[in-house]
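What follows is the content of protein04.pdb (PDB, C-alpha atoms, pLDDT in the B column).
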```
ATOM      1  CA  MET A   1     -10.051  37.151  -5.315  1.00 69.00           C
ATOM      2  CA  ALA A   2      -8.545  33.742  -5.612  1.00 71.00           C
ATOM      3  CA  LEU A   3     -10.308  33.277  -8.911  1.00 75.00           C
ATOM      4  CA  ARG A   4      -8.900  36.537 -10.226  1.00 75.00           C
ATOM      5  CA  ALA A   5      -5.424  35.557  -9.099  1.00 71.00           C
ATOM      6  CA  ALA A   6      -5.797  32.191 -10.753  1.00 70.00           C
ATOM      7  CA  VAL A   7      -6.959  33.790 -13.979  1.00 70.00           C
ATOM      8  CA  LEU A   8      -4.110  36.302 -13.945  1.00 71.00           C
ATOM      9  CA  ARG A   9      -1.591  33.627 -13.197  1.00 68.00           C
ATOM     10  CA  HIS A  10      -2.735  31.668 -16.209  1.00 66.00           C
ATOM     11  CA  ILE A  11      -2.936  34.587 -18.595  1.00 69.00           C
ATOM     12  CA  GLN A  12       0.297  36.300 -17.711  1.00 66.00           C
ATOM     13  CA  VAL A  13       2.720  33.437 -17.333  1.00 55.00           C
ATOM     14  CA  PRO A  14       1.251  30.313 -18.885  1.00 50.00           C
ATOM     15  CA  VAL A  15       4.623  28.573 -18.834  1.00 55.00           C
ATOM     16  CA  GLN A  16       4.519  28.342 -15.052  1.00 48.00           C
ATOM     17  CA  THR A  17       1.444  26.153 -15.081  1.00 48.00           C
ATOM     18  CA  LEU A  18       3.789  23.257 -15.651  1.00 49.00           C
ATOM     19  CA  THR A  19       5.290  23.568 -12.197  1.00 47.00           C
ATOM     20  CA  ALA A  20       2.091  24.757 -10.511  1.00 50.00           C
ATOM     21  CA  THR A  21       0.181  21.657 -11.458  1.00 50.00           C
ATOM     22  CA  GLY A  22       3.045  19.313 -10.825  1.00 48.00           C
ATOM     23  CA  SER A  23       3.244  16.280 -13.014  1.00 49.00           C
ATOM     24  CA  LYS A  24       0.592  17.180 -15.567  1.00 52.00           C
ATOM     25  CA  PRO A  25       2.059  18.738 -18.728  1.00 50.00           C
ATOM     26  CA  LEU A  26       0.012  21.484 -20.386  1.00 48.00           C
ATOM     27  CA  PRO A  27       0.752  21.657 -24.105  1.00 50.00           C
ATOM     28  CA  ARG A  28      -2.500  23.535 -24.716  1.00 48.00           C
ATOM     29  CA  TRP A  29      -2.214  27.288 -24.658  1.00 49.00           C
ATOM     30  CA  SER A  30      -5.860  28.249 -25.121  1.00 48.00           C
ATOM     31  CA  LEU A  31      -7.232  30.199 -22.185  1.00 49.00           C
ATOM     32  CA  GLY A  32     -10.248  27.970 -21.694  1.00 48.00           C
ATOM     33  CA  ALA A  33      -8.244  24.802 -21.413  1.00 47.00           C
ATOM     34  CA  SER A  34      -5.681  26.053 -18.919  1.00 49.00           C
ATOM     35  CA  LEU A  35      -8.220  27.880 -16.773  1.00 53.00           C
ATOM     36  CA  ARG A  36      -8.956  25.887 -13.657  1.00 52.00           C
ATOM     37  CA  LEU A  37     -11.869  27.609 -12.060  1.00 55.00           C
ATOM     38  CA  PHE A  38     -12.478  25.754  -8.842  1.00 56.00           C
ATOM     39  CA  SER A  39      -9.254  24.106  -7.733  1.00 53.00           C
ATOM     40  CA  SER A  40      -5.642  23.852  -8.629  1.00 55.00           C
ATOM     41  CA  HIS A  41      -5.591  20.091  -8.005  1.00 55.00           C
ATOM     42  CA  ASP A  42      -8.629  18.819  -9.848  1.00 61.00           C
ATOM     43  CA  ASP A  43      -6.861  15.618 -10.739  1.00 70.00           C
ATOM     44  CA  HIS A  44      -6.484  14.871  -7.019  1.00 80.00           C
ATOM     45  CA  LEU A  45      -8.953  12.568  -5.307  1.00 83.00           C
ATOM     46  CA  THR A  46     -11.812  14.087  -3.344  1.00 88.00           C
ATOM     47  CA  LYS A  47     -12.095  13.339   0.336  1.00 89.00           C
ATOM     48  CA  GLU A  48     -15.340  11.414  -0.138  1.00 90.00           C
ATOM     49  CA  GLU A  49     -13.774   9.237  -2.778  1.00 90.00           C
ATOM     50  CA  VAL A  50     -10.817   8.488  -0.532  1.00 91.00           C
ATOM     51  CA  ILE A  51     -13.122   7.681   2.402  1.00 92.00           C
ATOM     52  CA  ASP A  52     -15.302   5.414   0.271  1.00 92.00           C
ATOM     53  CA  ARG A  53     -12.429   3.476  -1.201  1.00 92.00           C
ATOM     54  CA  VAL A  54     -10.627   3.110   2.120  1.00 92.00           C
ATOM     55  CA  LEU A  55     -13.787   1.807   3.787  1.00 92.00           C
ATOM     56  CA  ASP A  56     -14.350  -0.623   0.916  1.00 92.00           C
ATOM     57  CA  VAL A  57     -10.848  -2.018   1.310  1.00 91.00           C
ATOM     58  CA  VAL A  58     -11.281  -2.426   5.062  1.00 92.00           C
ATOM     59  CA  LYS A  59     -14.721  -3.999   4.688  1.00 92.00           C
ATOM     60  CA  SER A  60     -13.493  -6.536   2.171  1.00 91.00           C
ATOM     61  CA  PHE A  61     -10.818  -7.759   4.563  1.00 91.00           C
ATOM     62  CA  PRO A  62     -11.958 -11.275   5.539  1.00 90.00           C
ATOM     63  CA  LYS A  63     -11.485 -10.882   9.270  1.00 88.00           C
ATOM     64  CA  VAL A  64     -13.414  -7.651   9.496  1.00 89.00           C
ATOM     65  CA  ASP A  65     -17.104  -7.342  10.288  1.00 89.00           C
ATOM     66  CA  PRO A  66     -18.346  -4.846   7.654  1.00 89.00           C
ATOM     67  CA  SER A  67     -21.078  -3.441   9.860  1.00 89.00           C
ATOM     68  CA  LYS A  68     -18.525  -2.165  12.368  1.00 88.00           C
ATOM     69  CA  VAL A  69     -16.496  -0.200   9.843  1.00 89.00           C
ATOM     70  CA  THR A  70     -16.787   3.570  10.132  1.00 89.00           C
ATOM     71  CA  PRO A  71     -14.377   6.302   9.087  1.00 89.00           C
ATOM     72  CA  ASP A  72     -12.919   6.591  12.575  1.00 87.00           C
ATOM     73  CA  VAL A  73     -12.658   2.962  13.543  1.00 90.00           C
ATOM     74  CA  HIS A  74      -9.366   1.773  15.051  1.00 91.00           C
ATOM     75  CA  PHE A  75      -8.036  -1.457  13.518  1.00 89.00           C
ATOM     76  CA  GLN A  76      -6.730  -3.093  16.649  1.00 90.00           C
ATOM     77  CA  LYS A  77      -8.992  -1.613  19.297  1.00 89.00           C
ATOM     78  CA  ASP A  78     -12.354  -1.599  17.542  1.00 88.00           C
ATOM     79  CA  LEU A  79     -12.037  -4.305  14.927  1.00 87.00           C
ATOM     80  CA  GLY A  80     -10.046  -6.735  17.047  1.00 88.00           C
ATOM     81  CA  LEU A  81      -7.224  -7.161  14.552  1.00 90.00           C
ATOM     82  CA  ASP A  82      -3.576  -7.685  15.402  1.00 90.00           C
ATOM     83  CA  SER A  83      -0.429  -6.044  14.095  1.00 91.00           C
ATOM     84  CA  LEU A  84      -0.011  -8.595  11.307  1.00 92.00           C
ATOM     85  CA  ASP A  85      -3.512  -7.746  10.077  1.00 92.00           C
ATOM     86  CA  ASN A  86      -2.581  -4.081  10.310  1.00 92.00           C
ATOM     87  CA  VAL A  87       0.321  -4.653   7.928  1.00 93.00           C
ATOM     88  CA  GLU A  88      -1.967  -6.554   5.567  1.00 93.00           C
ATOM     89  CA  ILE A  89      -4.551  -3.789   5.527  1.00 93.00           C
ATOM     90  CA  VAL A  90      -1.908  -1.153   4.806  1.00 93.00           C
ATOM     91  CA  MET A  91      -0.611  -3.311   1.949  1.00 93.00           C
ATOM     92  CA  ALA A  92      -4.142  -3.619   0.564  1.00 93.00           C
ATOM     93  CA  LEU A  93      -4.498   0.162   0.740  1.00 93.00           C
ATOM     94  CA  GLU A  94      -1.181   0.555  -1.077  1.00 93.00           C
ATOM     95  CA  GLU A  95      -2.498  -1.634  -3.880  1.00 91.00           C
ATOM     96  CA  GLU A  96      -5.839   0.128  -4.075  1.00 91.00           C
ATOM     97  CA  PHE A  97      -4.314   3.601  -4.360  1.00 91.00           C
ATOM     98  CA  LYS A  98      -1.170   2.551  -6.220  1.00 91.00           C
ATOM     99  CA  LEU A  99       1.111   4.021  -3.557  1.00 90.00           C
ATOM    100  CA  GLU A 100       4.350   2.983  -1.917  1.00 91.00           C
ATOM    101  CA  ILE A 101       4.053   3.780   1.762  1.00 91.00           C
ATOM    102  CA  PRO A 102       7.432   3.749   3.591  1.00 92.00           C
ATOM    103  CA  ASP A 103       7.703   1.400   6.561  1.00 90.00           C
ATOM    104  CA  LYS A 104       7.942   4.118   9.187  1.00 90.00           C
ATOM    105  CA  GLU A 105       4.704   5.753   8.150  1.00 91.00           C
ATOM    106  CA  ALA A 106       2.960   2.444   7.550  1.00 91.00           C
ATOM    107  CA  ASP A 107       3.678   1.522  11.160  1.00 89.00           C
ATOM    108  CA  ASN A 108       1.819   4.610  12.308  1.00 90.00           C
ATOM    109  CA  ILE A 109      -1.336   3.919  10.345  1.00 90.00           C
ATOM    110  CA  ASP A 110      -3.469   2.417  13.052  1.00 90.00           C
ATOM    111  CA  SER A 111      -6.980   3.468  12.207  1.00 89.00           C
ATOM    112  CA  CYS A 112      -9.211   4.403   9.298  1.00 91.00           C
ATOM    113  CA  ASN A 113      -8.805   8.074  10.222  1.00 90.00           C
ATOM    114  CA  LEU A 114      -5.043   8.034   9.847  1.00 91.00           C
ATOM    115  CA  ALA A 115      -5.264   6.010   6.639  1.00 90.00           C
ATOM    116  CA  ILE A 116      -7.702   8.479   5.086  1.00 91.00           C
ATOM    117  CA  GLU A 117      -5.585  11.468   6.180  1.00 90.00           C
ATOM    118  CA  TYR A 118      -2.388   9.964   4.827  1.00 91.00           C
ATOM    119  CA  ILE A 119      -3.860   8.957   1.486  1.00 91.00           C
ATOM    120  CA  TYR A 120      -5.704  12.244   1.011  1.00 90.00           C
ATOM    121  CA  ASN A 121      -2.508  14.197   1.649  1.00 89.00           C
ATOM    122  CA  HIS A 122      -0.395  12.000  -0.594  1.00 89.00           C
ATOM    123  CA  PRO A 123       0.166  13.720  -3.953  1.00 87.00           C
ATOM    124  CA  MET A 124       0.475  10.476  -5.881  1.00 86.00           C
ATOM    125  CA  ALA A 125      -2.720   8.792  -4.723  1.00 84.00           C
ATOM    126  CA  GLY A 126      -4.468   7.297  -7.740  1.00 81.00           C
TER     127      GLY A 126
ATOM    128  CA  MET B   1      22.039 -22.890  13.139  1.00 47.00           C
ATOM    129  CA  ALA B   2      21.019 -20.042  15.432  1.00 47.00           C
ATOM    130  CA  THR B   3      24.028 -19.355  17.623  1.00 49.00           C
ATOM    131  CA  MET B   4      23.587 -18.655  21.316  1.00 52.00           C
ATOM    132  CA  GLY B   5      24.629 -15.021  20.898  1.00 56.00           C
ATOM    133  CA  VAL B   6      21.900 -14.066  18.400  1.00 68.00           C
ATOM    134  CA  ALA B   7      19.325 -11.801  20.005  1.00 77.00           C
ATOM    135  CA  ALA B   8      15.664 -12.423  19.395  1.00 84.00           C
ATOM    136  CA  PRO B   9      14.175 -10.161  16.727  1.00 88.00           C
ATOM    137  CA  THR B  10      12.254  -7.125  17.901  1.00 89.00           C
ATOM    138  CA  ARG B  11       8.619  -6.637  17.053  1.00 89.00           C
ATOM    139  CA  THR B  12       9.478  -3.973  14.485  1.00 90.00           C
ATOM    140  CA  GLU B  13      11.927  -6.272  12.752  1.00 92.00           C
ATOM    141  CA  VAL B  14       9.358  -9.028  12.535  1.00 92.00           C
ATOM    142  CA  LEU B  15       6.763  -6.676  11.066  1.00 92.00           C
ATOM    143  CA  GLN B  16       9.353  -5.337   8.629  1.00 93.00           C
ATOM    144  CA  LEU B  17      10.140  -8.849   7.481  1.00 94.00           C
ATOM    145  CA  TYR B  18       6.429  -9.536   7.069  1.00 94.00           C
ATOM    146  CA  ARG B  19       6.014  -6.415   4.990  1.00 94.00           C
ATOM    147  CA  SER B  20       9.075  -7.189   2.846  1.00 94.00           C
ATOM    148  CA  LEU B  21       7.788 -10.671   2.107  1.00 95.00           C
ATOM    149  CA  LEU B  22       4.388  -9.329   1.084  1.00 94.00           C
ATOM    150  CA  ARG B  23       6.042  -6.686  -1.090  1.00 94.00           C
ATOM    151  CA  VAL B  24       8.201  -9.250  -2.832  1.00 94.00           C
ATOM    152  CA  ALA B  25       5.088 -11.341  -3.429  1.00 94.00           C
ATOM    153  CA  ARG B  26       3.629  -8.469  -5.435  1.00 92.00           C
ATOM    154  CA  GLN B  27       6.604  -8.523  -7.816  1.00 91.00           C
ATOM    155  CA  PHE B  28       5.857 -11.962  -9.180  1.00 92.00           C
ATOM    156  CA  CYS B  29       4.254 -11.892 -12.595  1.00 90.00           C
ATOM    157  CA  ASP B  30       2.716 -15.334 -12.192  1.00 90.00           C
ATOM    158  CA  TYR B  31      -0.620 -15.191 -10.363  1.00 92.00           C
ATOM    159  CA  ASN B  32      -0.188 -18.586  -8.695  1.00 92.00           C
ATOM    160  CA  ILE B  33       3.234 -17.947  -7.200  1.00 93.00           C
ATOM    161  CA  ARG B  34       2.131 -14.508  -6.044  1.00 93.00           C
ATOM    162  CA  GLU B  35      -0.868 -15.880  -4.227  1.00 93.00           C
ATOM    163  CA  TYR B  36       1.156 -18.753  -2.790  1.00 94.00           C
ATOM    164  CA  THR B  37       3.806 -16.406  -1.401  1.00 94.00           C
ATOM    165  CA  LYS B  38       1.171 -14.208   0.202  1.00 94.00           C
ATOM    166  CA  ARG B  39      -0.685 -17.180   1.658  1.00 94.00           C
ATOM    167  CA  ARG B  40       2.480 -18.835   2.955  1.00 94.00           C
ATOM    168  CA  THR B  41       3.821 -15.712   4.673  1.00 94.00           C
ATOM    169  CA  ILE B  42       0.464 -15.012   6.299  1.00 93.00           C
ATOM    170  CA  ASP B  43       0.110 -18.600   7.498  1.00 94.00           C
ATOM    171  CA  GLY B  44       3.746 -18.905   8.559  1.00 93.00           C
ATOM    172  CA  PHE B  45       3.759 -15.729  10.625  1.00 93.00           C
ATOM    173  CA  ARG B  46       0.411 -16.504  12.173  1.00 91.00           C
ATOM    174  CA  ASP B  47       1.474 -20.006  13.201  1.00 91.00           C
ATOM    175  CA  ASN B  48       4.561 -18.639  14.945  1.00 90.00           C
ATOM    176  CA  LYS B  49       2.740 -15.738  16.552  1.00 88.00           C
ATOM    177  CA  LYS B  50       2.689 -17.302  20.002  1.00 87.00           C
ATOM    178  CA  LEU B  51       6.403 -18.151  20.239  1.00 86.00           C
ATOM    179  CA  THR B  52       8.188 -16.755  23.267  1.00 86.00           C
ATOM    180  CA  ASP B  53      11.416 -18.745  23.417  1.00 90.00           C
ATOM    181  CA  PRO B  54      14.234 -16.490  22.105  1.00 90.00           C
ATOM    182  CA  SER B  55      16.148 -19.255  20.325  1.00 92.00           C
ATOM    183  CA  LEU B  56      13.001 -20.426  18.522  1.00 92.00           C
ATOM    184  CA  LEU B  57      12.187 -16.841  17.645  1.00 92.00           C
ATOM    185  CA  SER B  58      15.637 -16.227  16.155  1.00 93.00           C
ATOM    186  CA  ALA B  59      15.448 -19.500  14.238  1.00 93.00           C
ATOM    187  CA  ALA B  60      12.077 -18.614  12.773  1.00 93.00           C
ATOM    188  CA  PHE B  61      13.250 -15.082  11.964  1.00 94.00           C
ATOM    189  CA  PHE B  62      16.383 -16.375  10.271  1.00 94.00           C
ATOM    190  CA  ASP B  63      14.247 -18.814   8.321  1.00 93.00           C
ATOM    191  CA  GLY B  64      12.016 -15.978   7.196  1.00 94.00           C
ATOM    192  CA  LYS B  65      14.996 -13.916   6.068  1.00 95.00           C
ATOM    193  CA  THR B  66      16.363 -16.813   4.018  1.00 96.00           C
ATOM    194  CA  GLN B  67      12.998 -17.273   2.362  1.00 95.00           C
ATOM    195  CA  LEU B  68      12.902 -13.571   1.591  1.00 96.00           C
ATOM    196  CA  GLU B  69      16.223 -13.873  -0.276  1.00 96.00           C
ATOM    197  CA  VAL B  70      14.957 -16.912  -2.155  1.00 96.00           C
ATOM    198  CA  ALA B  71      11.762 -15.085  -3.117  1.00 95.00           C
ATOM    199  CA  LYS B  72      13.658 -12.038  -4.351  1.00 95.00           C
ATOM    200  CA  ARG B  73      15.832 -14.168  -6.607  1.00 95.00           C
ATOM    201  CA  GLN B  74      12.884 -16.165  -7.860  1.00 94.00           C
ATOM    202  CA  ALA B  75      10.917 -13.029  -8.686  1.00 94.00           C
ATOM    203  CA  ILE B  76      13.728 -12.032 -11.053  1.00 94.00           C
ATOM    204  CA  VAL B  77      14.036 -15.502 -12.563  1.00 94.00           C
ATOM    205  CA  TYR B  78      10.291 -15.772 -13.121  1.00 92.00           C
ATOM    206  CA  SER B  79      10.213 -12.418 -14.826  1.00 91.00           C
ATOM    207  CA  LEU B  80      12.845 -13.653 -17.305  1.00 92.00           C
ATOM    208  CA  TYR B  81      10.534 -16.452 -18.413  1.00 90.00           C
ATOM    209  CA  ALA B  82       7.205 -14.721 -17.985  1.00 87.00           C
ATOM    210  CA  SER B  83       4.312 -16.097 -19.934  1.00 86.00           C
ATOM    211  CA  LYS B  84       2.833 -13.798 -22.529  1.00 86.00           C
ATOM    212  CA  VAL B  85      -0.667 -14.946 -21.672  1.00 86.00           C
ATOM    213  CA  LYS B  86      -2.063 -13.401 -18.499  1.00 83.00           C
ATOM    214  CA  SER B  87      -3.784 -15.637 -16.017  1.00 85.00           C
ATOM    215  CA  ILE B  88      -7.569 -15.382 -16.128  1.00 86.00           C
ATOM    216  CA  MET B  89      -7.556 -14.322 -12.487  1.00 85.00           C
ATOM    217  CA  ASP B  90      -5.574 -11.217 -13.304  1.00 84.00           C
ATOM    218  CA  ILE B  91      -7.990  -9.893 -15.842  1.00 83.00           C
ATOM    219  CA  LYS B  92     -10.309  -7.462 -14.146  1.00 79.00           C
ATOM    220  CA  PRO B  93     -13.952  -7.777 -15.203  1.00 77.00           C
ATOM    221  CA  SER B  94     -14.801  -4.683 -17.214  1.00 68.00           C
TER     222      SER B  94
END
```
Please express what this file holds, its structure, as structure tokens.
Amino acid sequence: MALRAAVLRHIQVPVQTLTATGSKPLPRWSLGASLRLFSSHDDHLTKEEVIDRVLDVVKSFPKVDPSKVTPDVHFQKDLGLDSLDNVEIVMALEEEFKLEIPDKEADNIDSCNLAIEYIYNHPMAG
Amino acid sequence: MATMGVAAPTRTEVLQLYRSLLRVARQFCDYNIREYTKRRTIDGFRDNKKLTDPSLLSAAFFDGKTQLEVAKRQAIVYSLYASKVKSIMDIKPS
């Protein structure tokens, strides 16, 4: 059903694909090119990719023991870091995913879980 | 320099200053200055981590704020005279 709706949406009003897919412009009008069979956000990162990259960033932090890093590890409680290290890790994540995280939300990112959730839900994560 | 009436900075303010300094470090186009700014803020904040005396805290915080202003200006000045050749450290191995 969703597939049929997606197909209809693309056939009937191709002009609207500009807003539906956000920032990506679609100059091509051929049906095959504008047909997105499996998702409407295929340029968005997959969850596994986000998890992998976040864990890599945390593991490469010099004060962190890589063997302790799991997707639900807490920076201050499990890894023994302090709030300054927290800020540094969030900055490293900003650089990795080319994001600008506002201060208020960066203060809340306390664990790998929250970082992965935030980045996965951010539309501009690259 | 720090008057008696100045309240000690709150934890949030200190972390905000830390974050601002690291953000300004990213704006430098020269690799060396960028790394120096990052290193210096990390070391400076870590050295003063254990301070509890309010007047020392305000002095250190005020110092940090002044350095932030200096860094912001210098980031602009450096970008005016940026080198065309990128530092070898900035070139990612392909």
Legend entry - Val50 (chain A) environment, 8 Å, all atoms listed in the file, sequence neighbours closer than 5 positions dropped, as a PyMOL selection string: chain A and resi 45+116+119-120
Legend entry - Picked residues, the PyMOL selection byres ((chain A and resi 74) around 12), as a list in words: Val58, Val64, Lys68, Val69, Thr70, Pro71, Asp72, Val73, Phe75, Gln76, Lys77, Asp78, Leu79, Gly80, Leu81, Asp82, Ser83, Asn86, Asn108, Ile109, Asp110, Ser111, Cys112, Asn113, Leu114 and Ala115 of chain A
Dump as a PDB file, in the coordinates of the input, selection limited to C-alpha atoms:
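Writing the result to again30.pdb gives the following:
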```pdb
ATOM      1  CA  VAL A  58     -11.281  -2.426   5.062  1.00 92.00           C
ATOM      2  CA  VAL A  64     -13.414  -7.651   9.496  1.00 89.00           C
ATOM      3  CA  LYS A  68     -18.525  -2.165  12.368  1.00 88.00           C
ATOM      4  CA  VAL A  69     -16.496  -0.200   9.843  1.00 89.00           C
ATOM      5  CA  THR A  70     -16.787   3.570  10.132  1.00 89.00           C
ATOM      6  CA  PRO A  71     -14.377   6.302   9.087  1.00 89.00           C
ATOM      7  CA  ASP A  72     -12.919   6.591  12.575  1.00 87.00           C
ATOM      8  CA  VAL A  73     -12.658   2.962  13.543  1.00 90.00           C
ATOM      9  CA  PHE A  75      -8.036  -1.457  13.518  1.00 89.00           C
ATOM     10  CA  GLN A  76      -6.730  -3.093  16.649  1.00 90.00           C
ATOM     11  CA  LYS A  77      -8.992  -1.613  19.297  1.00 89.00           C
ATOM     12  CA  ASP A  78     -12.354  -1.599  17.542  1.00 88.00           C
ATOM     13  CA  LEU A  79     -12.037  -4.305  14.927  1.00 87.00           C
ATOM     14  CA  GLY A  80     -10.046  -6.735  17.047  1.00 88.00           C
ATOM     15  CA  LEU A  81      -7.224  -7.161  14.552  1.00 90.00           C
ATOM     16  CA  ASP A  82      -3.576  -7.685  15.402  1.00 90.00           C
ATOM     17  CA  SER A  83      -0.429  -6.044  14.095  1.00 91.00           C
ATOM     18  CA  ASN A  86      -2.581  -4.081  10.310  1.00 92.00           C
ATOM     19  CA  ASN A 108       1.819   4.610  12.308  1.00 90.00           C
ATOM     20  CA  ILE A 109      -1.336   3.919  10.345  1.00 90.00           C
ATOM     21  CA  ASP A 110      -3.469   2.417  13.052  1.00 90.00           C
ATOM     22  CA  SER A 111      -6.980   3.468  12.207  1.00 89.00           C
ATOM     23  CA  CYS A 112      -9.211   4.403   9.298  1.00 91.00           C
ATOM     24  CA  ASN A 113      -8.805   8.074  10.222  1.00 90.00           C
ATOM     25  CA  LEU A 114      -5.043   8.034   9.847  1.00 91.00           C
ATOM     26  CA  ALA A 115      -5.264   6.010   6.639  1.00 90.00           C
TER      27      ALA A 115
END
```
Chain A near chain B within 12 Å: what's each residue's closest atom pair and its distance in Å to one decimal, counting all atoms listed in the file, ordered by chain then ascending residue number, as CSV?
```
residue,atom,partner,partner_atom,distance
A:Asp82,CA,B:Arg46,CA,10.2
A:Ser83,CA,B:Leu15,CA,7.8
A:Leu84,CA,B:Leu15,CA,7.0
A:Asp85,CA,B:Ile42,CA,9.1
A:Asn86,CA,B:Leu15,CA,9.7
A:Val87,CA,B:Arg19,CA,6.6
A:Glu88,CA,B:Arg19,CA,8.0
A:Ile89,CA,B:Arg19,CA,10.9
A:Val90,CA,B:Arg19,CA,9.5
A:Met91,CA,B:Leu22,CA,7.9
A:Ala92,CA,B:Leu22,CA,10.3
A:Glu94,CA,B:Arg23,CA,10.2
A:Glu95,CA,B:Arg26,CA,9.3
A:Glu100,CA,B:Arg23,CA,9.9
A:Ile101,CA,B:Arg19,CA,10.9
A:Pro102,CA,B:Arg19,CA,10.4
A:Asp103,CA,B:Gln16,CA,7.2
A:Lys104,CA,B:Gln16,CA,9.6
A:Ala106,CA,B:Arg19,CA,9.7
A:Asp107,CA,B:Thr12,CA,8.7
A:Asn108,CA,B:Thr12,CA,11.7
```
Inset, instruction - Considering only C-alpha atoms, state which residue in the set B:Ala8, B:Tyr31, B:Asp63, B:Glu13 is at the smallest distance from Ile88 (chain B). - result: B:Tyr31
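When only C-alpha atoms are used to measure the gap to Leu93 (chain A), the shortest distance among A:Ser67, A:Ser60, A:Val54, A:Glu117 belongs to A:Val54.
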Legend entry - Close residues, Arg40 (chain B) itself excluded, 12 Å, only C-alpha atoms, min 2 positions apart in chain, as a list of chain:residue names: B:Tyr18, B:Leu21, B:Leu22, B:Ala25, B:Asn32, B:Ile33, B:Arg34, B:Glu35, B:Tyr36, B:Thr37, B:Lys38, B:Ile42, B:Asp43, B:Gly44, B:Phe45, B:Arg46, B:Asp47, B:Gly64, B:Gln67, B:Leu68, B:Ala71
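Among the candidates B:Asp53, B:Phe28, B:Lys92, B:Leu17, the one nearest to Leu80 (chain B) when counting only C-alpha atoms is B:Phe28.
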Legend entry - Point-to-point distance in Å for CA of Pro9 (chain B) and CA of Leu57 (chain B): 7.0 Å
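Closest approach to Val24 (chain B) from the set B:Thr10, B:Ser83, B:Ser55, B:Thr41 is made by B:Thr41, with distances taken over all atoms listed in the file.
Computed from the coordinates, the CA of Gln27 (chain B) to CA of Val77 (chain B) distance equals 11.2 Å.
Reported to one decimal place, the separation of CA of Glu96 (chain A) from CA of Leu55 (chain A) is 11.3 Å.
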Atoms added to region 22-38 of chain B (N, CA and C atoms), reported as a PDB file, in the coordinates of the input:
```
ATOM      1  N   LEU B  22       5.593  -9.623   1.852  1.00 94.00           N
ATOM      2  CA  LEU B  22       4.388  -9.329   1.084  1.00 94.00           C
ATOM      3  C   LEU B  22       4.713  -8.457  -0.111  1.00 94.00           C
ATOM      4  N   ARG B  23       5.680  -7.533   0.048  1.00 94.00           N
ATOM      5  CA  ARG B  23       6.042  -6.686  -1.090  1.00 94.00           C
ATOM      6  C   ARG B  23       6.681  -7.502  -2.194  1.00 94.00           C
ATOM      7  N   VAL B  24       7.529  -8.464  -1.802  1.00 94.00           N
ATOM      8  CA  VAL B  24       8.201  -9.250  -2.832  1.00 94.00           C
ATOM      9  C   VAL B  24       7.177 -10.126  -3.551  1.00 94.00           C
ATOM     10  N   ALA B  25       6.135 -10.530  -2.802  1.00 94.00           N
ATOM     11  CA  ALA B  25       5.088 -11.341  -3.429  1.00 94.00           C
ATOM     12  C   ALA B  25       4.436 -10.583  -4.575  1.00 94.00           C
ATOM     13  N   ARG B  26       4.276  -9.263  -4.401  1.00 92.00           N
ATOM     14  CA  ARG B  26       3.629  -8.469  -5.435  1.00 92.00           C
ATOM     15  C   ARG B  26       4.427  -8.434  -6.726  1.00 92.00           C
ATOM     16  N   GLN B  27       5.771  -8.672  -6.623  1.00 91.00           N
ATOM     17  CA  GLN B  27       6.604  -8.523  -7.816  1.00 91.00           C
ATOM     18  C   GLN B  27       6.493  -9.698  -8.756  1.00 91.00           C
ATOM     19  N   PHE B  28       5.945 -10.809  -8.292  1.00 92.00           N
ATOM     20  CA  PHE B  28       5.857 -11.962  -9.180  1.00 92.00           C
ATOM     21  C   PHE B  28       4.846 -11.691 -10.282  1.00 92.00           C
ATOM     22  N   CYS B  29       5.198 -12.109 -11.508  1.00 90.00           N
ATOM     23  CA  CYS B  29       4.254 -11.892 -12.595  1.00 90.00           C
ATOM     24  C   CYS B  29       3.256 -13.041 -12.693  1.00 90.00           C
ATOM     25  N   ASP B  30       3.618 -14.199 -12.113  1.00 90.00           N
ATOM     26  CA  ASP B  30       2.716 -15.334 -12.192  1.00 90.00           C
ATOM     27  C   ASP B  30       1.719 -15.265 -11.036  1.00 90.00           C
ATOM     28  N   TYR B  31       0.422 -15.328 -11.375  1.00 92.00           N
ATOM     29  CA  TYR B  31      -0.620 -15.191 -10.363  1.00 92.00           C
ATOM     30  C   TYR B  31      -0.474 -16.236  -9.263  1.00 92.00           C
ATOM     31  N   ASN B  32      -0.199 -17.505  -9.674  1.00 92.00           N
ATOM     32  CA  ASN B  32      -0.188 -18.586  -8.695  1.00 92.00           C
ATOM     33  C   ASN B  32       0.922 -18.431  -7.664  1.00 92.00           C
ATOM     34  N   ILE B  33       2.128 -18.093  -8.142  1.00 93.00           N
ATOM     35  CA  ILE B  33       3.234 -17.947  -7.200  1.00 93.00           C
ATOM     36  C   ILE B  33       2.984 -16.753  -6.280  1.00 93.00           C
ATOM     37  N   ARG B  34       2.417 -15.697  -6.844  1.00 93.00           N
ATOM     38  CA  ARG B  34       2.131 -14.508  -6.044  1.00 93.00           C
ATOM     39  C   ARG B  34       1.187 -14.852  -4.903  1.00 93.00           C
ATOM     40  N   GLU B  35       0.104 -15.544  -5.263  1.00 93.00           N
ATOM     41  CA  GLU B  35      -0.868 -15.880  -4.227  1.00 93.00           C
ATOM     42  C   GLU B  35      -0.278 -16.843  -3.212  1.00 93.00           C
ATOM     43  N   TYR B  36       0.546 -17.793  -3.710  1.00 94.00           N
ATOM     44  CA  TYR B  36       1.156 -18.753  -2.790  1.00 94.00           C
ATOM     45  C   TYR B  36       2.058 -18.038  -1.796  1.00 94.00           C
ATOM     46  N   THR B  37       2.889 -17.114  -2.304  1.00 94.00           N
ATOM     47  CA  THR B  37       3.806 -16.406  -1.401  1.00 94.00           C
ATOM     48  C   THR B  37       3.032 -15.644  -0.339  1.00 94.00           C
ATOM     49  N   LYS B  38       1.949 -14.959  -0.784  1.00 94.00           N
ATOM     50  CA  LYS B  38       1.171 -14.208   0.202  1.00 94.00           C
ATOM     51  C   LYS B  38       0.584 -15.144   1.248  1.00 94.00           C
TER      52      LYS B  38
END
```
